[in-house]
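As provided, run.tsv (TSV, N, CA and C atoms and all ligand atoms) reads as follows.
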```tsv
chain	number	residue	atom	x	y	z
W	15	MET	N	22.45	-39.69	13.84
W	15	MET	CA	21.16	-39.33	13.24
W	15	MET	C	21.20	-39.68	11.73
W	16	SER	N	20.19	-40.42	11.29
W	16	SER	CA	20.16	-40.80	9.87
W	16	SER	C	19.74	-39.60	9.03
W	17	GLU	N	20.01	-39.69	7.76
W	17	GLU	CA	19.67	-38.58	6.86
W	17	GLU	C	18.15	-38.34	6.84
W	18	GLU	N	17.41	-39.45	6.94
W	18	GLU	CA	15.95	-39.36	6.87
W	18	GLU	C	15.38	-38.58	8.07
W	19	SER	N	15.87	-38.94	9.29
W	19	SER	CA	15.34	-38.24	10.47
W	19	SER	C	15.78	-36.78	10.48
W	20	GLY	N	17.00	-36.49	9.95
W	20	GLY	CA	17.46	-35.11	9.85
W	20	GLY	C	16.54	-34.30	8.97
W	21	SER	N	16.15	-34.86	7.86
W	21	SER	CA	15.26	-34.20	6.92
W	21	SER	C	13.88	-33.97	7.57
W	22	THR	N	13.41	-34.95	8.32
W	22	THR	CA	12.13	-34.83	9.00
W	22	THR	C	12.18	-33.71	10.04
W	23	ARG	N	13.30	-33.65	10.78
W	23	ARG	CA	13.46	-32.60	11.80
W	23	ARG	C	13.43	-31.22	11.13
W	24	LEU	N	14.11	-31.12	9.97
W	24	LEU	CA	14.14	-29.86	9.23
W	24	LEU	C	12.74	-29.49	8.75
W	25	ASP	N	11.99	-30.50	8.28
W	25	ASP	CA	10.62	-30.26	7.84
W	25	ASP	C	9.75	-29.75	8.99
W	26	GLN	N	9.94	-30.36	10.17
W	26	GLN	CA	9.16	-29.94	11.35
W	26	GLN	C	9.48	-28.49	11.72
W	27	LEU	N	10.80	-28.20	11.68
W	27	LEU	CA	11.24	-26.84	12.02
W	27	LEU	C	10.67	-25.82	11.04
W	28	GLU	N	10.70	-26.17	9.77
W	28	GLU	CA	10.18	-25.28	8.73
W	28	GLU	C	8.68	-25.06	8.92
W	29	ALA	N	7.95	-26.15	9.20
W	29	ALA	CA	6.50	-26.05	9.40
W	29	ALA	C	6.20	-25.18	10.63
W	30	GLN	N	6.98	-25.36	11.71
W	30	GLN	CA	6.81	-24.56	12.93
W	30	GLN	C	7.06	-23.09	12.65
W	31	MET	N	8.17	-22.80	11.93
W	31	MET	CA	8.51	-21.41	11.64
W	31	MET	C	7.46	-20.76	10.74
W	32	SER	N	6.95	-21.51	9.76
W	32	SER	CA	5.91	-20.99	8.88
W	32	SER	C	4.66	-20.63	9.68
W	33	ALA	N	4.29	-21.53	10.60
W	33	ALA	CA	3.11	-21.28	11.43
W	33	ALA	C	3.33	-20.05	12.31
W	34	ASP	N	4.54	-19.93	12.89
W	34	ASP	CA	4.86	-18.76	13.74
W	34	ASP	C	4.79	-17.46	12.93
W	35	LEU	N	5.35	-17.50	11.70
W	35	LEU	CA	5.33	-16.30	10.86
W	35	LEU	C	3.90	-15.90	10.48
W	36	ARG	N	3.05	-16.91	10.18
W	36	ARG	CA	1.64	-16.62	9.85
W	36	ARG	C	0.94	-15.97	11.04
W	37	ARG	N	1.20	-16.50	12.24
W	37	ARG	CA	0.59	-15.94	13.45
W	37	ARG	C	1.08	-14.51	13.67
W	38	SER	N	2.39	-14.27	13.47
W	38	SER	CA	2.96	-12.93	13.65
W	38	SER	C	2.33	-11.94	12.67
W	39	LYS	N	2.19	-12.38	11.40
W	39	LYS	CA	1.61	-11.49	10.39
W	39	LYS	C	0.15	-11.18	10.72
W	40	ALA	N	-0.59	-12.19	11.16
W	40	ALA	CA	-2.00	-11.98	11.52
W	40	ALA	C	-2.10	-11.00	12.69
W	41	TYR	N	-1.17	-11.12	13.65
W	41	TYR	CA	-1.17	-10.21	14.80
W	41	TYR	C	-0.89	-8.78	14.34
W	42	ILE	N	0.15	-8.60	13.52
W	42	ILE	CA	0.51	-7.26	13.03
W	42	ILE	C	-0.65	-6.68	12.21
W	43	ASP	N	-1.24	-7.48	11.31
W	43	ASP	CA	-2.37	-7.00	10.50
W	43	ASP	C	-3.53	-6.56	11.40
W	44	GLY	N	-3.81	-7.35	12.45
W	44	GLY	CA	-4.89	-7.02	13.37
W	44	GLY	C	-4.63	-5.72	14.12
W	45	GLU	N	-3.40	-5.56	14.61
W	45	GLU	CA	-3.03	-4.34	15.34
W	45	GLU	C	-3.08	-3.11	14.43
W	46	LEU	N	-2.61	-3.29	13.20
W	46	LEU	CA	-2.62	-2.20	12.23
W	46	LEU	C	-4.06	-1.78	11.92
W	47	LYS	N	-4.94	-2.75	11.72
W	47	LYS	CA	-6.35	-2.46	11.44
W	47	LYS	C	-6.98	-1.71	12.61
W	48	ARG	N	-6.66	-2.14	13.83
W	48	ARG	CA	-7.20	-1.50	15.03
W	48	ARG	C	-6.74	-0.04	15.09
W	49	LEU	N	-5.45	0.19	14.82
W	49	LEU	CA	-4.90	1.54	14.85
W	49	LEU	C	-5.53	2.43	13.78
W	50	VAL	N	-5.67	1.88	12.56
W	50	VAL	CA	-6.26	2.65	11.45
W	50	VAL	C	-7.72	2.98	11.75
W	51	ASP	N	-8.47	2.02	12.30
W	51	ASP	CA	-9.88	2.27	12.66
W	51	ASP	C	-9.98	3.41	13.68
W	52	LEU	N	-9.12	3.37	14.70
W	52	LEU	CA	-9.10	4.42	15.73
W	52	LEU	C	-8.77	5.78	15.11
W	53	LEU	N	-7.72	5.80	14.28
W	53	LEU	CA	-7.28	7.03	13.65
W	53	LEU	C	-8.39	7.60	12.77
W	54	ASN	N	-9.08	6.72	12.03
W	54	ASN	CA	-10.15	7.18	11.14
W	54	ASN	C	-11.39	7.67	11.89
W	55	GLN	N	-11.55	7.21	13.14
W	55	GLN	CA	-12.66	7.73	13.95
W	55	GLN	C	-12.36	9.18	14.35
W	56	VAL	N	-11.11	9.45	14.69
W	56	VAL	CA	-10.70	10.79	15.12
W	56	VAL	C	-10.55	11.71	13.92
W	57	ASP	N	-10.05	11.16	12.82
W	57	ASP	CA	-9.72	11.94	11.63
W	57	ASP	C	-10.26	11.21	10.39
W	58	PRO	N	-11.60	11.31	10.16
W	58	PRO	CA	-12.23	10.53	9.08
W	58	PRO	C	-11.68	10.89	7.70
W	59	ILE	N	-11.65	9.89	6.84
W	59	ILE	CA	-11.18	10.07	5.46
W	59	ILE	C	-12.36	9.91	4.52
W	60	GLU	N	-12.52	10.89	3.64
W	60	GLU	CA	-13.59	10.81	2.64
W	60	GLU	C	-13.24	9.70	1.64
W	61	ARG	N	-14.17	8.78	1.45
W	61	ARG	CA	-13.93	7.63	0.57
W	61	ARG	C	-14.47	7.88	-0.83
W	62	ASN	N	-13.90	7.19	-1.79
W	62	ASN	CA	-14.39	7.17	-3.18
W	62	ASN	C	-14.65	8.55	-3.75
W	63	ARG	N	-13.78	9.50	-3.46
W	63	ARG	CA	-14.05	10.83	-3.99
W	63	ARG	C	-13.58	10.97	-5.43
W	64	LEU	N	-14.20	11.91	-6.10
W	64	LEU	CA	-13.81	12.20	-7.48
W	64	LEU	C	-12.77	13.30	-7.42
W	65	TRP	N	-11.75	13.19	-8.25
W	65	TRP	CA	-10.65	14.13	-8.21
W	65	TRP	C	-10.86	15.24	-9.22
W	66	ASP	N	-10.63	16.49	-8.78
W	66	ASP	CA	-10.70	17.64	-9.67
W	66	ASP	C	-9.61	17.50	-10.73
W	67	SER	N	-9.90	18.06	-11.91
W	67	SER	CA	-8.90	17.98	-12.98
W	67	SER	C	-7.62	18.70	-12.57
W	68	GLU	N	-7.72	19.74	-11.72
W	68	GLU	CA	-6.51	20.45	-11.27
W	68	GLU	C	-5.60	19.49	-10.47
W	69	VAL	N	-6.22	18.66	-9.65
W	69	VAL	CA	-5.44	17.70	-8.85
W	69	VAL	C	-4.76	16.69	-9.77
W	70	ILE	N	-5.50	16.19	-10.74
W	70	ILE	CA	-4.95	15.19	-11.66
W	70	ILE	C	-3.80	15.78	-12.46
W	71	ILE	N	-3.95	17.02	-12.90
W	71	ILE	CA	-2.86	17.66	-13.66
W	71	ILE	C	-1.65	17.89	-12.76
W	72	LEU	N	-1.89	18.31	-11.52
W	72	LEU	CA	-0.78	18.51	-10.58
W	72	LEU	C	0.01	17.21	-10.37
W	73	LEU	N	-0.72	16.11	-10.20
W	73	LEU	CA	-0.06	14.81	-10.00
W	73	LEU	C	0.71	14.40	-11.26
W	74	ALA	N	0.08	14.57	-12.41
W	74	ALA	CA	0.72	14.17	-13.68
W	74	ALA	C	2.00	14.98	-13.90
W	75	GLU	N	1.93	16.28	-13.62
W	75	GLU	CA	3.13	17.12	-13.79
W	75	GLU	C	4.23	16.69	-12.83
W	76	ARG	N	3.85	16.40	-11.58
W	76	ARG	CA	4.82	15.96	-10.58
W	76	ARG	C	5.53	14.68	-11.03
W	77	GLN	N	4.83	13.85	-11.78
W	77	GLN	CA	5.39	12.57	-12.24
W	77	GLN	C	5.96	12.66	-13.65
W	78	ASN	N	6.11	13.90	-14.16
W	78	ASN	CA	6.59	14.08	-15.55
W	78	ASN	C	5.74	13.31	-16.55
W	79	TRP	N	4.46	13.24	-16.26
W	79	TRP	CA	3.47	12.64	-17.17
W	79	TRP	C	3.75	11.19	-17.50
W	80	THR	N	4.41	10.48	-16.58
W	80	THR	CA	4.60	9.04	-16.80
W	80	THR	C	4.17	8.27	-15.55
W	81	CYS	N	3.81	7.03	-15.76
W	81	CYS	CA	3.40	6.16	-14.65
W	81	CYS	C	4.64	5.76	-13.84
W	82	PRO	N	4.65	6.04	-12.53
W	82	PRO	CA	5.81	5.65	-11.72
W	82	PRO	C	5.87	4.15	-11.46
W	83	GLY	N	4.80	3.44	-11.79
W	83	GLY	CA	4.78	1.99	-11.65
W	83	GLY	C	4.65	1.53	-10.21
W	84	TRP	N	4.60	0.25	-10.06
W	84	TRP	CA	4.60	-0.37	-8.74
W	84	TRP	C	5.97	-1.00	-8.57
W	85	LYS	N	6.77	-0.39	-7.72
W	85	LYS	CA	8.17	-0.77	-7.43
W	85	LYS	C	9.14	-0.30	-8.51
W	86	THR	N	8.83	-0.50	-9.79
W	86	THR	CA	9.71	0.02	-10.85
W	86	THR	C	8.86	0.77	-11.87
W	87	PRO	N	9.41	1.91	-12.38
W	87	PRO	CA	8.63	2.68	-13.36
W	87	PRO	C	8.32	1.84	-14.60
W	88	CYS	N	7.09	1.98	-15.10
W	88	CYS	CA	6.72	1.20	-16.30
W	88	CYS	C	6.89	2.02	-17.56
W	89	GLY	N	6.94	3.36	-17.41
W	89	GLY	CA	7.19	4.21	-18.57
W	89	GLY	C	5.97	4.60	-19.37
W	90	VAL	N	4.78	4.12	-18.99
W	90	VAL	CA	3.56	4.48	-19.72
W	90	VAL	C	3.29	5.98	-19.56
W	91	VAL	N	2.99	6.64	-20.67
W	91	VAL	CA	2.70	8.07	-20.64
W	91	VAL	C	1.26	8.26	-20.18
W	92	ILE	N	1.08	9.23	-19.27
W	92	ILE	CA	-0.26	9.48	-18.72
W	92	ILE	C	-1.10	10.24	-19.73
W	93	ASP	N	-2.24	9.65	-20.06
W	93	ASP	CA	-3.20	10.27	-20.96
W	93	ASP	C	-4.41	10.68	-20.12
W	94	LEU	N	-4.62	11.99	-20.01
W	94	LEU	CA	-5.69	12.49	-19.14
W	94	LEU	C	-7.07	11.97	-19.55
W	95	ASN	N	-7.23	11.67	-20.83
W	95	ASN	CA	-8.55	11.24	-21.31
W	95	ASN	C	-8.75	9.73	-21.26
W	96	SER	N	-7.72	9.00	-20.86
W	96	SER	CA	-7.83	7.54	-20.86
W	96	SER	C	-8.47	7.03	-19.57
W	97	ARG	N	-9.25	5.98	-19.73
W	97	ARG	CA	-9.83	5.32	-18.55
W	97	ARG	C	-8.79	4.46	-17.85
W	98	ASP	N	-7.66	4.26	-18.49
W	98	ASP	CA	-6.59	3.44	-17.91
W	98	ASP	C	-5.69	4.25	-16.99
W	99	ARG	N	-6.09	5.48	-16.69
W	99	ARG	CA	-5.33	6.33	-15.77
W	99	ARG	C	-6.06	6.27	-14.43
W	100	HIS	N	-5.40	5.75	-13.42
W	100	HIS	CA	-6.04	5.61	-12.11
W	100	HIS	C	-5.36	6.50	-11.07
W	101	VAL	N	-6.14	7.22	-10.28
W	101	VAL	CA	-5.58	7.96	-9.15
W	101	VAL	C	-5.46	6.96	-8.00
W	102	ASP	N	-4.22	6.78	-7.55
W	102	ASP	CA	-3.92	5.75	-6.56
W	102	ASP	C	-3.45	6.40	-5.26
W	103	HIS	N	-3.87	5.82	-4.13
W	103	HIS	CA	-3.34	6.23	-2.84
W	103	HIS	C	-2.03	5.48	-2.62
W	104	TYR	N	-0.92	6.23	-2.53
W	104	TYR	CA	0.39	5.59	-2.34
W	104	TYR	C	0.34	4.69	-1.11
W	105	ILE	N	-0.08	5.25	0.04
W	105	ILE	CA	-0.41	4.42	1.20
W	105	ILE	C	-1.91	4.15	1.06
W	106	PRO	N	-2.30	2.89	0.86
W	106	PRO	CA	-3.70	2.58	0.59
W	106	PRO	C	-4.64	3.05	1.71
W	107	VAL	N	-5.87	3.43	1.32
W	107	VAL	CA	-6.88	3.87	2.30
W	107	VAL	C	-7.08	2.79	3.36
W	108	LYS	N	-7.07	1.55	2.93
W	108	LYS	CA	-7.25	0.41	3.85
W	108	LYS	C	-6.19	0.41	4.96
W	109	LEU	N	-5.00	0.96	4.64
W	109	LEU	CA	-3.91	0.99	5.61
W	109	LEU	C	-3.76	2.37	6.24
W	110	GLY	N	-4.79	3.22	6.10
W	110	GLY	CA	-4.77	4.52	6.75
W	110	GLY	C	-4.35	5.68	5.87
W	111	GLY	N	-4.17	5.42	4.58
W	111	GLY	CA	-3.78	6.50	3.65
W	111	GLY	C	-4.93	7.47	3.44
W	112	ALA	N	-4.63	8.78	3.50
W	112	ALA	CA	-5.65	9.81	3.33
W	112	ALA	C	-5.56	10.42	1.92
W	113	ASN	N	-6.34	11.49	1.71
W	113	ASN	CA	-6.51	12.04	0.37
W	113	ASN	C	-5.62	13.22	0.02
W	114	GLU	N	-4.64	13.56	0.86
W	114	GLU	CA	-3.79	14.70	0.52
W	114	GLU	C	-2.95	14.35	-0.72
W	115	THR	N	-2.63	15.37	-1.52
W	115	THR	CA	-1.97	15.08	-2.80
W	115	THR	C	-0.61	14.40	-2.61
W	116	SER	N	0.03	14.63	-1.45
W	116	SER	CA	1.32	13.96	-1.23
W	116	SER	C	1.15	12.44	-1.11
W	117	ASN	N	-0.08	11.98	-0.87
W	117	ASN	CA	-0.33	10.54	-0.80
W	117	ASN	C	-0.97	10.00	-2.08
W	118	LEU	N	-1.05	10.84	-3.10
W	118	LEU	CA	-1.70	10.40	-4.34
W	118	LEU	C	-0.69	10.30	-5.47
W	119	GLN	N	-0.98	9.41	-6.39
W	119	GLN	CA	-0.18	9.31	-7.61
W	119	GLN	C	-1.10	8.78	-8.71
W	120	ILE	N	-0.67	8.98	-9.94
W	120	ILE	CA	-1.42	8.42	-11.06
W	120	ILE	C	-0.67	7.20	-11.55
W	121	LEU	N	-1.39	6.08	-11.61
W	121	LEU	CA	-0.81	4.84	-12.13
W	121	LEU	C	-1.59	4.43	-13.37
W	122	CYS	N	-0.92	3.72	-14.27
W	122	CYS	CA	-1.66	3.11	-15.38
W	122	CYS	C	-2.47	1.95	-14.78
W	123	LYS	N	-3.48	1.53	-15.50
W	123	LYS	CA	-4.37	0.48	-14.99
W	123	LYS	C	-3.58	-0.77	-14.58
W	124	SER	N	-2.64	-1.17	-15.45
W	124	SER	CA	-1.87	-2.39	-15.21
W	124	SER	C	-1.08	-2.31	-13.89
W	125	CYS	N	-0.39	-1.17	-13.66
W	125	CYS	CA	0.39	-1.02	-12.43
W	125	CYS	C	-0.52	-0.92	-11.21
W	126	ASN	N	-1.67	-0.25	-11.38
W	126	ASN	CA	-2.59	-0.12	-10.25
W	126	ASN	C	-3.14	-1.49	-9.84
W	127	LEU	N	-3.42	-2.33	-10.81
W	127	LEU	CA	-3.91	-3.68	-10.50
W	127	LEU	C	-2.82	-4.51	-9.82
W	128	LYS	N	-1.58	-4.32	-10.26
W	128	LYS	CA	-0.46	-5.05	-9.64
W	128	LYS	C	-0.27	-4.60	-8.19
W	129	LYS	N	-0.39	-3.28	-7.97
W	129	LYS	CA	-0.14	-2.72	-6.64
W	129	LYS	C	-1.25	-3.10	-5.68
W	130	GLY	N	-2.50	-2.95	-6.10
W	130	GLY	CA	-3.63	-3.23	-5.22
W	130	GLY	C	-3.52	-2.43	-3.93
W	131	ALA	N	-3.73	-3.08	-2.79
W	131	ALA	CA	-3.65	-2.39	-1.49
W	131	ALA	C	-2.33	-2.70	-0.80
W	132	LYS	N	-1.30	-3.00	-1.60
W	132	LYS	CA	-0.01	-3.35	-0.99
W	132	LYS	C	0.80	-2.08	-0.68
W	133	ALA	N	1.60	-2.15	0.35
W	133	ALA	CA	2.50	-1.04	0.69
W	133	ALA	C	3.61	-1.58	1.59
W	134	ASP	N	4.71	-0.85	1.59
W	134	ASP	CA	5.83	-1.21	2.45
W	134	ASP	C	5.46	-0.90	3.90
W	135	ILE	N	5.59	-1.87	4.79
W	135	ILE	CA	5.14	-1.71	6.18
W	135	ILE	C	5.87	-0.56	6.88
W	136	ASP	N	7.16	-0.37	6.60
W	136	ASP	CA	7.91	0.74	7.22
W	136	ASP	C	7.35	2.08	6.75
W	137	GLU	N	6.99	2.17	5.47
W	137	GLU	CA	6.41	3.42	4.95
W	137	GLU	C	5.03	3.66	5.56
W	138	VAL	N	4.27	2.59	5.76
W	138	VAL	CA	2.94	2.72	6.37
W	138	VAL	C	3.09	3.27	7.79
W	139	ILE	N	4.01	2.71	8.55
W	139	ILE	CA	4.21	3.14	9.94
W	139	ILE	C	4.65	4.61	9.99
W	140	THR	N	5.61	4.98	9.15
W	140	THR	CA	6.07	6.37	9.10
W	140	THR	C	4.91	7.30	8.73
W	141	TYR	N	4.09	6.87	7.75
W	141	TYR	CA	2.96	7.67	7.31
W	141	TYR	C	1.94	7.85	8.44
W	142	LEU	N	1.61	6.75	9.14
W	142	LEU	CA	0.62	6.82	10.22
W	142	LEU	C	1.14	7.69	11.38
W	143	GLN	N	2.44	7.63	11.65
W	143	GLN	CA	3.02	8.51	12.68
W	143	GLN	C	2.83	9.96	12.28
W	144	GLY	N	3.00	10.26	10.99
W	144	GLY	CA	2.77	11.62	10.48
W	144	GLY	C	1.33	12.06	10.67
W	145	ARG	N	0.38	11.14	10.35
W	145	ARG	CA	-1.04	11.48	10.54
W	145	ARG	C	-1.33	11.76	12.00
W	146	LEU	N	-0.76	10.95	12.89
W	146	LEU	CA	-0.98	11.16	14.33
W	146	LEU	C	-0.42	12.51	14.80
W	147	ARG	N	0.77	12.85	14.32
W	147	ARG	CA	1.40	14.13	14.70
W	147	ARG	C	0.57	15.32	14.24
W	148	ASN	N	-0.13	15.17	13.11
W	148	ASN	CA	-0.88	16.29	12.53
W	148	ASN	C	-2.33	16.38	13.01
W	149	LEU	N	-2.72	15.56	13.97
W	149	LEU	CA	-4.11	15.62	14.47
W	149	LEU	C	-4.36	16.95	15.17
X	1	ZN	ZN	2.31	1.74	-15.15
```
Here is the file; what I need is its structure written in the form of structure tokens.
Ligand SMILES: [Zn+2]
Amino acid sequence: MSEESGSTRLDQLEAQMSADLRRSKAYIDGELKRLVDLLNQVDPIERNRLWDSEVIILLAERQNWTCPGWKTPCGVVIDLNSRDRHVDHYIPVKLGGANETSNLQILCKSCNLKKGAKADIDEVITYLQGRLRNL
């Protein structure tokens, strides 16, 4: 086998694996969405709610008044009066996260924008199993 054909074979394999991984991710995303939709029909989640100042203070105290960041702490001090303080769903609402304080945290604007609706899939599954158990 010449070096050129070996490289081509590797390229084909890589393209095939990439396509398989994309299909697998689309399947998992679809199944997750179906499960979250079903769960939300049985146990609806109030969207876009405003948080009481008591809840915000409880979260801030739990975090020692600093932003826990997305993946790594950023160290920004939480200012209750700042618009850059965002109440974030640790497990995003889109992925089935509800409004209990154990699923909430305060992030600085920068970390919240970085995090978006991302979450660790294992944590999402564990969280959804908990929601199912508590129905
Ligand atoms: Zn931050």
Need the shell around range 46-52 of chain W: protein/DNA/RNA residues with any atom at most 7 Å away, counting all atoms listed in the file. Skip same-chain ones fewer than 6 positions apart. Format as a ChimeraX atom specification?
/W:108-110
6 Å from ligand ZN 1 (chain X) is the threshold here; counting only C-alpha atoms and all ligand atoms, which polymer residues fall inside it? Answer as a PDB file with N, CA and C atoms, keeping the file's coordinate frame.
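Output below, filename selection_7.pdb:
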```pdb
ATOM      1  N   CYS W  81       3.810   7.030 -15.760  1.00  0.00           N
ATOM      2  CA  CYS W  81       3.400   6.160 -14.650  1.00  0.00           C
ATOM      3  C   CYS W  81       4.640   5.760 -13.840  1.00  0.00           C
ATOM      4  N   GLY W  83       4.800   3.440 -11.790  1.00  0.00           N
ATOM      5  CA  GLY W  83       4.780   1.990 -11.650  1.00  0.00           C
ATOM      6  C   GLY W  83       4.650   1.530 -10.210  1.00  0.00           C
ATOM      7  N   CYS W  88       7.090   1.980 -15.100  1.00  0.00           N
ATOM      8  CA  CYS W  88       6.720   1.200 -16.300  1.00  0.00           C
ATOM      9  C   CYS W  88       6.890   2.020 -17.560  1.00  0.00           C
ATOM     10  N   VAL W  90       4.780   4.120 -18.990  1.00  0.00           N
ATOM     11  CA  VAL W  90       3.560   4.480 -19.720  1.00  0.00           C
ATOM     12  C   VAL W  90       3.290   5.980 -19.560  1.00  0.00           C
ATOM     13  N   LEU W 121      -1.390   6.080 -11.610  1.00  0.00           N
ATOM     14  CA  LEU W 121      -0.810   4.840 -12.130  1.00  0.00           C
ATOM     15  C   LEU W 121      -1.590   4.430 -13.370  1.00  0.00           C
ATOM     16  N   CYS W 122      -0.920   3.720 -14.270  1.00  0.00           N
ATOM     17  CA  CYS W 122      -1.660   3.110 -15.380  1.00  0.00           C
ATOM     18  C   CYS W 122      -2.470   1.950 -14.780  1.00  0.00           C
ATOM     19  N   SER W 124      -2.640  -1.170 -15.450  1.00  0.00           N
ATOM     20  CA  SER W 124      -1.870  -2.390 -15.210  1.00  0.00           C
ATOM     21  C   SER W 124      -1.080  -2.310 -13.890  1.00  0.00           C
ATOM     22  N   CYS W 125      -0.390  -1.170 -13.660  1.00  0.00           N
ATOM     23  CA  CYS W 125       0.390  -1.020 -12.430  1.00  0.00           C
ATOM     24  C   CYS W 125      -0.520  -0.920 -11.210  1.00  0.00           C
TER      25      CYS W 125
END
```
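If you look at atom C of Ala40 in chain W and CA of Leu149 in chain W, they are 26.8 Å away from each other.
Nearest to Lys128 in chain W of all the residues W:Arg99, W:Trp84, W:Ile59, W:Gly111 is W:Trp84, counting all atoms listed in the file.
In this model, the gap between atom N of Leu35 in chain W and atom C of Ile135 in chain W comes to 17.6 Å.
Picture a line from CA of Val101 in chain W to CA of Ile70 in chain W; it runs 7.7 Å.
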Which of these, W:Val91, W:Leu24, W:Val56, W:Ile120, has the shortest distance to Ile71 in chain W once you count only C-alpha atoms?
W:Ile120
Pull the strand (DSSP E or B) assignments for chain W out of DSSP run on the backbone, and list those residues as a PyMOL selection string.
chain W and resi 80+91+99-103+118-122
Output the selection as an mmCIF file, in the frame of the given file - N, CA and C atoms for each residue.
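part-v4.cif written:
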```cif
data_model
loop_
_atom_site.group_PDB
_atom_site.id
_atom_site.type_symbol
_atom_site.label_atom_id
_atom_site.label_comp_id
_atom_site.auth_asym_id
_atom_site.auth_seq_id
_atom_site.Cartn_x
_atom_site.Cartn_y
_atom_site.Cartn_z
ATOM 1 N N THR W 80 4.410 10.480 -16.580
ATOM 2 C CA THR W 80 4.600 9.040 -16.800
ATOM 3 C C THR W 80 4.170 8.270 -15.550
ATOM 4 N N VAL W 91 2.990 6.640 -20.670
ATOM 5 C CA VAL W 91 2.700 8.070 -20.640
ATOM 6 C C VAL W 91 1.260 8.260 -20.180
ATOM 7 N N ARG W 99 -6.090 5.480 -16.690
ATOM 8 C CA ARG W 99 -5.330 6.330 -15.770
ATOM 9 C C ARG W 99 -6.060 6.270 -14.430
ATOM 10 N N HIS W 100 -5.400 5.750 -13.420
ATOM 11 C CA HIS W 100 -6.040 5.610 -12.110
ATOM 12 C C HIS W 100 -5.360 6.500 -11.070
ATOM 13 N N VAL W 101 -6.140 7.220 -10.280
ATOM 14 C CA VAL W 101 -5.580 7.960 -9.150
ATOM 15 C C VAL W 101 -5.460 6.960 -8.000
ATOM 16 N N ASP W 102 -4.220 6.780 -7.550
ATOM 17 C CA ASP W 102 -3.920 5.750 -6.560
ATOM 18 C C ASP W 102 -3.450 6.400 -5.260
ATOM 19 N N HIS W 103 -3.870 5.820 -4.130
ATOM 20 C CA HIS W 103 -3.340 6.230 -2.840
ATOM 21 C C HIS W 103 -2.030 5.480 -2.620
ATOM 22 N N LEU W 118 -1.050 10.840 -3.100
ATOM 23 C CA LEU W 118 -1.700 10.400 -4.340
ATOM 24 C C LEU W 118 -0.690 10.300 -5.470
ATOM 25 N N GLN W 119 -0.980 9.410 -6.390
ATOM 26 C CA GLN W 119 -0.180 9.310 -7.610
ATOM 27 C C GLN W 119 -1.100 8.780 -8.710
ATOM 28 N N ILE W 120 -0.670 8.980 -9.940
ATOM 29 C CA ILE W 120 -1.420 8.420 -11.060
ATOM 30 C C ILE W 120 -0.670 7.200 -11.550
ATOM 31 N N LEU W 121 -1.390 6.080 -11.610
ATOM 32 C CA LEU W 121 -0.810 4.840 -12.130
ATOM 33 C C LEU W 121 -1.590 4.430 -13.370
ATOM 34 N N CYS W 122 -0.920 3.720 -14.270
ATOM 35 C CA CYS W 122 -1.660 3.110 -15.380
ATOM 36 C C CYS W 122 -2.470 1.950 -14.780
#
```
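Candidate residues W:Gln55, W:Ser32, W:Thr140, W:Ser116 were compared for distance to Leu73 in chain W, and the nearest is W:Ser116, using only C-alpha atoms.
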List every protein, DNA or RNA residue that has at least one atom no more than 6 Å from (-6.9, 14.4, -5.4) in the file's coordinates, counting only C-alpha atoms, and write the result as JSON, numbers by chain.
{"W": [65, 69, 115]}
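Among the candidates W:Ser38, W:Gln119, W:Pro106, W:Tyr141, the one nearest to Trp79 in chain W when counting only C-alpha atoms is W:Gln119.
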Report as an MDAnalysis selection string: the residues of range 25-146 of chain W with a DSSP assignment of alpha helix (DSSP H), based on the backbone of this structure.
chainID W and resid 25:56 67:76 123:129 135:146
Axis-aligned box over every listed atom of range 54-57 of chain W, padded by 6 Å per side: centre and edges in Å to one decimal, as AutoDock Vina command-line options?
```
--center_x -10.9 --center_y 9.3 --center_z 12.8 --size_x 15.6 --size_y 17.2 --size_z 16.7
```
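Closest approach to Lys132 in chain W among W:Asp43, W:Tyr104, W:Arg36, W:Asp57: W:Tyr104, based on all atoms listed in the file.
Comparing W:Arg23, W:Arg145, W:Arg37, W:Lys123 by their smallest distance to Pro58 in chain W, the closest is W:Arg145 (using only C-alpha atoms).
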